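Q: mmCIF, C-alpha atoms and all ligand atoms, file structure16.cif:
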data_data
#
loop_
_atom_site.group_PDB
_atom_site.id
_atom_site.type_symbol
_atom_site.label_atom_id
_atom_site.label_comp_id
_atom_site.auth_asym_id
_atom_site.auth_seq_id
_atom_site.Cartn_x
_atom_site.Cartn_y
_atom_site.Cartn_z
ATOM 1 C CA MET A 311 73.118 -105.551 -28.998
ATOM 2 C CA SER A 312 71.952 -109.045 -29.807
ATOM 3 C CA ILE A 313 73.255 -112.467 -30.706
ATOM 4 C CA ILE A 314 73.517 -113.190 -34.430
ATOM 5 C CA LEU A 315 73.009 -116.793 -35.495
ATOM 6 C CA HIS A 316 75.124 -117.689 -38.512
ATOM 7 C CA GLU A 317 74.014 -120.298 -40.975
ATOM 8 C CA VAL A 318 75.740 -123.645 -40.379
ATOM 9 C CA LEU A 319 76.836 -125.039 -43.711
ATOM 10 C CA GLY A 320 76.957 -128.583 -42.414
ATOM 11 C CA ASP A 321 76.793 -131.871 -44.197
ATOM 12 C CA ASN A 322 77.607 -135.462 -43.338
ATOM 13 C CA ARG A 323 81.331 -134.585 -43.036
ATOM 14 C CA GLY A 324 80.784 -131.994 -40.266
ATOM 15 C CA GLN A 325 80.012 -128.294 -39.794
ATOM 16 C CA LEU A 326 81.257 -125.079 -41.375
ATOM 17 C CA VAL A 327 80.437 -121.425 -40.666
ATOM 18 C CA ALA A 328 81.599 -118.689 -43.071
ATOM 19 C CA ILE A 329 82.095 -115.070 -42.019
ATOM 20 C CA GLU A 330 82.550 -112.419 -44.710
ATOM 21 C CA GLU A 331 83.438 -108.801 -44.023
ATOM 22 C CA SER A 332 80.614 -106.303 -44.513
ATOM 23 C CA VAL A 333 78.301 -109.227 -45.355
ATOM 24 C CA ASN A 334 77.641 -110.890 -42.027
ATOM 25 C CA VAL A 335 80.047 -108.825 -39.916
ATOM 26 C CA PRO A 336 79.154 -105.110 -39.990
ATOM 27 C CA PHE A 337 82.653 -103.770 -40.743
ATOM 28 C CA ASP A 338 85.868 -104.344 -42.689
ATOM 29 C CA ILE A 339 88.092 -106.810 -40.800
ATOM 30 C CA LYS A 340 91.645 -105.551 -40.088
ATOM 31 C CA ARG A 341 92.550 -107.731 -37.125
ATOM 32 C CA VAL A 342 91.780 -111.170 -35.739
ATOM 33 C CA PHE A 343 92.810 -112.346 -32.290
ATOM 34 C CA TYR A 344 91.733 -115.129 -29.991
ATOM 35 C CA ILE A 345 91.688 -115.783 -26.281
ATOM 36 C CA TYR A 346 92.107 -119.251 -24.819
ATOM 37 C CA GLY A 347 93.396 -120.971 -21.684
ATOM 38 C CA THR A 348 91.603 -118.343 -19.607
ATOM 39 C CA GLN A 349 91.798 -119.029 -15.879
ATOM 40 C CA LYS A 350 88.600 -119.751 -13.942
ATOM 41 C CA LYS A 351 86.851 -116.711 -12.447
ATOM 42 C CA VAL A 352 88.877 -114.331 -14.609
ATOM 43 C CA SER A 353 87.174 -111.382 -16.262
ATOM 44 C CA ARG A 354 88.873 -110.047 -19.398
ATOM 45 C CA GLY A 355 88.221 -106.978 -21.456
ATOM 46 C CA ASP A 356 86.673 -104.519 -18.981
ATOM 47 C CA HIS A 357 87.268 -101.628 -21.323
ATOM 48 C CA SER A 358 85.765 -99.711 -24.211
ATOM 49 C CA HIS A 359 87.212 -98.321 -27.442
ATOM 50 C CA TYR A 360 86.916 -94.974 -29.164
ATOM 51 C CA ASN A 361 86.871 -96.452 -32.679
ATOM 52 C CA THR A 362 87.358 -100.212 -32.547
ATOM 53 C CA LYS A 363 84.341 -102.369 -33.328
ATOM 54 C CA GLN A 364 84.524 -106.040 -32.468
ATOM 55 C CA TYR A 365 82.724 -109.224 -33.379
ATOM 56 C CA LEU A 366 82.992 -112.121 -30.939
ATOM 57 C CA ILE A 367 82.491 -115.844 -31.509
ATOM 58 C CA ALA A 368 83.253 -118.670 -29.053
ATOM 59 C CA VAL A 369 84.507 -121.088 -31.685
ATOM 60 C CA ASN A 370 85.026 -123.703 -28.945
ATOM 61 C CA GLY A 371 83.566 -123.962 -25.445
ATOM 62 C CA SER A 372 81.582 -121.105 -23.957
ATOM 63 C CA CYS A 373 81.796 -117.766 -22.192
ATOM 64 C CA LYS A 374 79.561 -114.845 -21.309
ATOM 65 C CA ILE A 375 79.910 -111.290 -22.574
ATOM 66 C CA THR A 376 78.461 -108.297 -20.746
ATOM 67 C CA LEU A 377 77.946 -105.188 -22.867
ATOM 68 C CA ASP A 378 77.175 -101.824 -21.289
ATOM 69 C CA ASN A 379 76.148 -98.705 -23.204
ATOM 70 C CA GLY A 380 76.406 -96.515 -20.104
ATOM 71 C CA LYS A 381 72.697 -96.862 -19.428
ATOM 72 C CA THR A 382 71.931 -100.577 -19.593
ATOM 73 C CA LYS A 383 73.973 -103.743 -19.266
ATOM 74 C CA GLN A 384 73.143 -106.955 -21.067
ATOM 75 C CA THR A 385 74.846 -110.318 -20.673
ATOM 76 C CA PHE A 386 75.029 -112.719 -23.606
ATOM 77 C CA ASP A 387 75.886 -116.415 -23.677
ATOM 78 C CA LEU A 388 78.336 -117.391 -26.383
ATOM 79 C CA ASP A 389 77.937 -121.147 -26.273
ATOM 80 C CA GLU A 390 77.691 -122.285 -29.886
ATOM 81 C CA PRO A 391 80.282 -121.787 -32.667
ATOM 82 C CA ASN A 392 77.662 -120.244 -34.957
ATOM 83 C CA LYS A 393 76.690 -117.516 -32.460
ATOM 84 C CA GLY A 394 78.217 -114.080 -32.999
ATOM 85 C CA LEU A 395 77.990 -110.887 -30.961
ATOM 86 C CA PHE A 396 78.733 -107.392 -32.261
ATOM 87 C CA GLN A 397 80.335 -104.929 -29.863
ATOM 88 C CA ASP A 398 80.244 -101.428 -31.282
ATOM 89 C CA ALA A 399 82.752 -98.685 -30.474
ATOM 90 C CA LEU A 400 81.978 -96.807 -27.247
ATOM 91 C CA ILE A 401 80.386 -99.853 -25.635
ATOM 92 C CA TRP A 402 81.963 -101.134 -22.424
ATOM 93 C CA GLY A 403 82.556 -104.882 -22.639
ATOM 94 C CA SER A 404 83.667 -107.638 -20.332
ATOM 95 C CA MET A 405 84.218 -111.337 -21.016
ATOM 96 C CA HIS A 406 83.721 -113.802 -18.182
ATOM 97 C CA ASP A 407 82.630 -117.315 -17.160
ATOM 98 C CA PHE A 408 85.007 -118.935 -19.616
ATOM 99 C CA SER A 409 84.817 -122.710 -19.883
ATOM 100 C CA ASP A 410 88.201 -124.464 -19.683
ATOM 101 C CA ASP A 411 88.029 -125.242 -23.387
ATOM 102 C CA CYS A 412 86.833 -121.808 -24.539
ATOM 103 C CA VAL A 413 88.495 -120.305 -27.600
ATOM 104 C CA LEU A 414 87.031 -116.833 -28.076
ATOM 105 C CA LEU A 415 87.656 -115.465 -31.567
ATOM 106 C CA ILE A 416 87.465 -111.691 -31.985
ATOM 107 C CA LEU A 417 87.355 -109.832 -35.284
ATOM 108 C CA ALA A 418 88.087 -106.108 -35.235
ATOM 109 C CA ASN A 419 87.879 -103.227 -37.691
ATOM 110 C CA GLU A 420 91.104 -101.558 -36.463
ATOM 111 C CA TYR A 421 94.706 -102.588 -35.852
ATOM 112 C CA TYR A 422 95.815 -102.853 -32.227
ATOM 113 C CA ASP A 423 96.323 -99.379 -30.829
ATOM 114 C CA GLU A 424 96.577 -98.834 -27.085
ATOM 115 C CA SER A 425 95.502 -95.184 -27.507
ATOM 116 C CA ASP A 426 92.107 -96.405 -28.742
ATOM 117 C CA TYR A 427 91.363 -98.019 -25.356
ATOM 118 C CA ILE A 428 89.230 -96.473 -22.627
ATOM 119 C CA ARG A 429 90.188 -98.473 -19.534
ATOM 120 C CA ASP A 430 88.638 -96.240 -16.878
ATOM 121 C CA TYR A 431 84.856 -96.655 -16.435
ATOM 122 C CA GLN A 432 84.298 -93.057 -15.284
ATOM 123 C CA GLU A 433 86.213 -91.792 -18.330
ATOM 124 C CA PHE A 434 83.973 -94.005 -20.500
ATOM 125 C CA LEU A 435 80.858 -92.422 -18.971
ATOM 126 C CA ASP A 436 82.321 -88.934 -19.472
ATOM 127 C CA VAL A 437 83.108 -89.685 -23.155
ATOM 128 C CA ILE A 438 79.650 -91.017 -24.043
ATOM 129 C CA HIS A 439 77.666 -88.319 -22.202
HETATM 130 P P1 LIG A 501 94.628 -107.055 -23.066
HETATM 131 O O1 LIG A 501 94.088 -105.826 -23.716
HETATM 132 O O2 LIG A 501 95.066 -106.946 -21.648
HETATM 133 O O3 LIG A 501 93.538 -108.216 -23.161
HETATM 134 P P2 LIG A 501 92.047 -108.248 -22.555
HETATM 135 O O4 LIG A 501 91.385 -106.995 -22.974
HETATM 136 O O5 LIG A 501 91.427 -109.457 -23.162
HETATM 137 O O6 LIG A 501 92.152 -108.389 -21.070
HETATM 138 O O7 LIG A 501 95.799 -107.621 -23.976
HETATM 139 C C1 LIG A 501 96.782 -108.506 -23.482
HETATM 140 C C2 LIG A 501 98.111 -108.180 -24.160
HETATM 141 O O8 LIG A 501 98.065 -108.430 -25.558
HETATM 142 C C3 LIG A 501 98.513 -106.738 -23.982
HETATM 143 O O9 LIG A 501 99.927 -106.703 -23.758
HETATM 144 C C4 LIG A 501 98.214 -106.106 -25.314
HETATM 145 C C5 LIG A 501 98.398 -107.244 -26.289
HETATM 146 N N1 LIG A 501 97.550 -107.199 -27.491
HETATM 147 C C6 LIG A 501 98.126 -107.059 -28.742
HETATM 148 O O10 LIG A 501 99.348 -106.924 -28.877
HETATM 149 N N2 LIG A 501 97.327 -107.056 -29.845
HETATM 150 C C7 LIG A 501 95.990 -107.203 -29.750
HETATM 151 O O11 LIG A 501 95.289 -107.213 -30.797
HETATM 152 C C8 LIG A 501 95.388 -107.337 -28.450
HETATM 153 C C9 LIG A 501 93.899 -107.472 -28.296
HETATM 154 C C10 LIG A 501 96.205 -107.327 -27.351
#
Could you write out this file's structure as structure tokens?
A:
Amino acid sequence: MSIILHEVLGDNRGQLVAIEESVNVPFDIKRVFYIYGTQKKVSRGDHSHYNTKQYLIAVNGSCKITLDNGKTKQTFDLDEPNKGLFQDALIWGSMHDFSDDCVLLILANEYYDESDYIRDYQEFLDVIH
């Protein structure tokens, strides 16, 4: 669990970051969604997945992501559009401290499937142990 810094392919016209599946994201990308307009003091996520892996980038603004493997929790600052964070399956994740202008882009290796969610923390601990 660590921040990945993507190369910024900038020039005098501005900046560009390129993400390619299985090259600088460790899975095949089936789904892209983004979160924006998040209210102050709101925590989103607060769940884990059986199979879904995610890759998170705050393409605008900033937020914090707390990842929990059932033993240790780590909080990461996503505050630059070239910073990415990988959240593996069976990791509990929460997204919080969104700036007003935050647009959090999330790439995933699976289509949306509610049955892939683990929304109860005790169930998460039971599954991983
Ligand atoms: P939800 O899982 O509550 O978001 P978060 O984990 O960030 O708190 O999702 C909000 C709604 O959007 C919910 O009705 C499910 C739906 N949704 C999709 O239809 N497709 C998706 O890819 C995602 C992530 C959510």
Q: Translate the PyMOL selection byres (((chain A and resi 359-371) around 6) and not hetatm) into a concrete residue list for this structure, as a PyMOL selection string.
A: chain A and resi 358+372+388+391+394-400+409+411-420+426-428
Q: Using all atoms of ligand LIG 501 (chain A) listed in the file and a margin of 3 Å per side, can you give the axis-aligned box centre and edge lengths in Å to one decimal, as lines of an AutoDock Vina configuration file?
A:
center_x = 95.7
center_y = -107.6
center_z = -25.9
size_x = 14.5
size_y = 9.6
size_z = 15.7
Q: Name the closest residue to ligand LIG 501 (chain A) among the candidates A:Arg341, A:Lys350, A:Lys383, A:His439; distances are taken between atoms, counting only C-alpha atoms and all ligand atoms.
A: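 Between A:Arg341, A:Lys350, A:Lys383, A:His439, the residue approaching ligand LIG 501 (chain A) most closely is A:Arg341.
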Q: Check every protein, DNA and RNA residue against ligand LIG 501 (chain A), keep those with an atom at most 10 Å away (counting all atoms listed in the file), and present them as JSON, numbers by chain.
A: {"A": [341, 342, 343, 344, 345, 346, 348, 352, 353, 354, 355, 356, 357, 358, 403, 404, 405, 414, 416, 417, 418, 420, 421, 422, 423, 424, 427, 429]}
Q: Under the rule that all atoms listed in the file are counted, which of A:Ser425, A:Glu433, A:Ile438, A:Thr385 is the nearest residue to A:Ile313?
A: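 Once distances to A:Ile313 are computed over all atoms listed in the file, the minimum belongs to A:Thr385.
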Q: Env of A:Phe386: 7 Å cut, atoms = all atoms listed in the file, seq-sep filter 5 positions within chain, self excluded. Answer as a ChimeraX atom specification.
A: /A:374-376
Q: Report the distance between atom CA of A:Ile329 and atom CA of A:His316 in Å, rounded to one decimal place.
A: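 That distance, rounded to one decimal, is 8.2 Å.
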Q: Separation of atom CA of A:Trp402 and atom CA of A:Tyr431, in Å?
A: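 Atom CA of A:Tyr431 lies 8.0 Å from atom CA of A:Trp402.
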Q: Using atom CA of A:Phe408 and atom CA of A:Asp387 as the two end points, give the distance in Å to one decimal.
A: 10.3 Å
Q: Out of A:Glu330, A:Asn392, A:His406, A:Gly380, which residue has the shortest atom-to-atom distance to A:Val437 when counting all atoms listed in the file?
A: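 Of A:Glu330, A:Asn392, A:His406, A:Gly380, the one nearest A:Val437, counting all atoms listed in the file, is A:Gly380.
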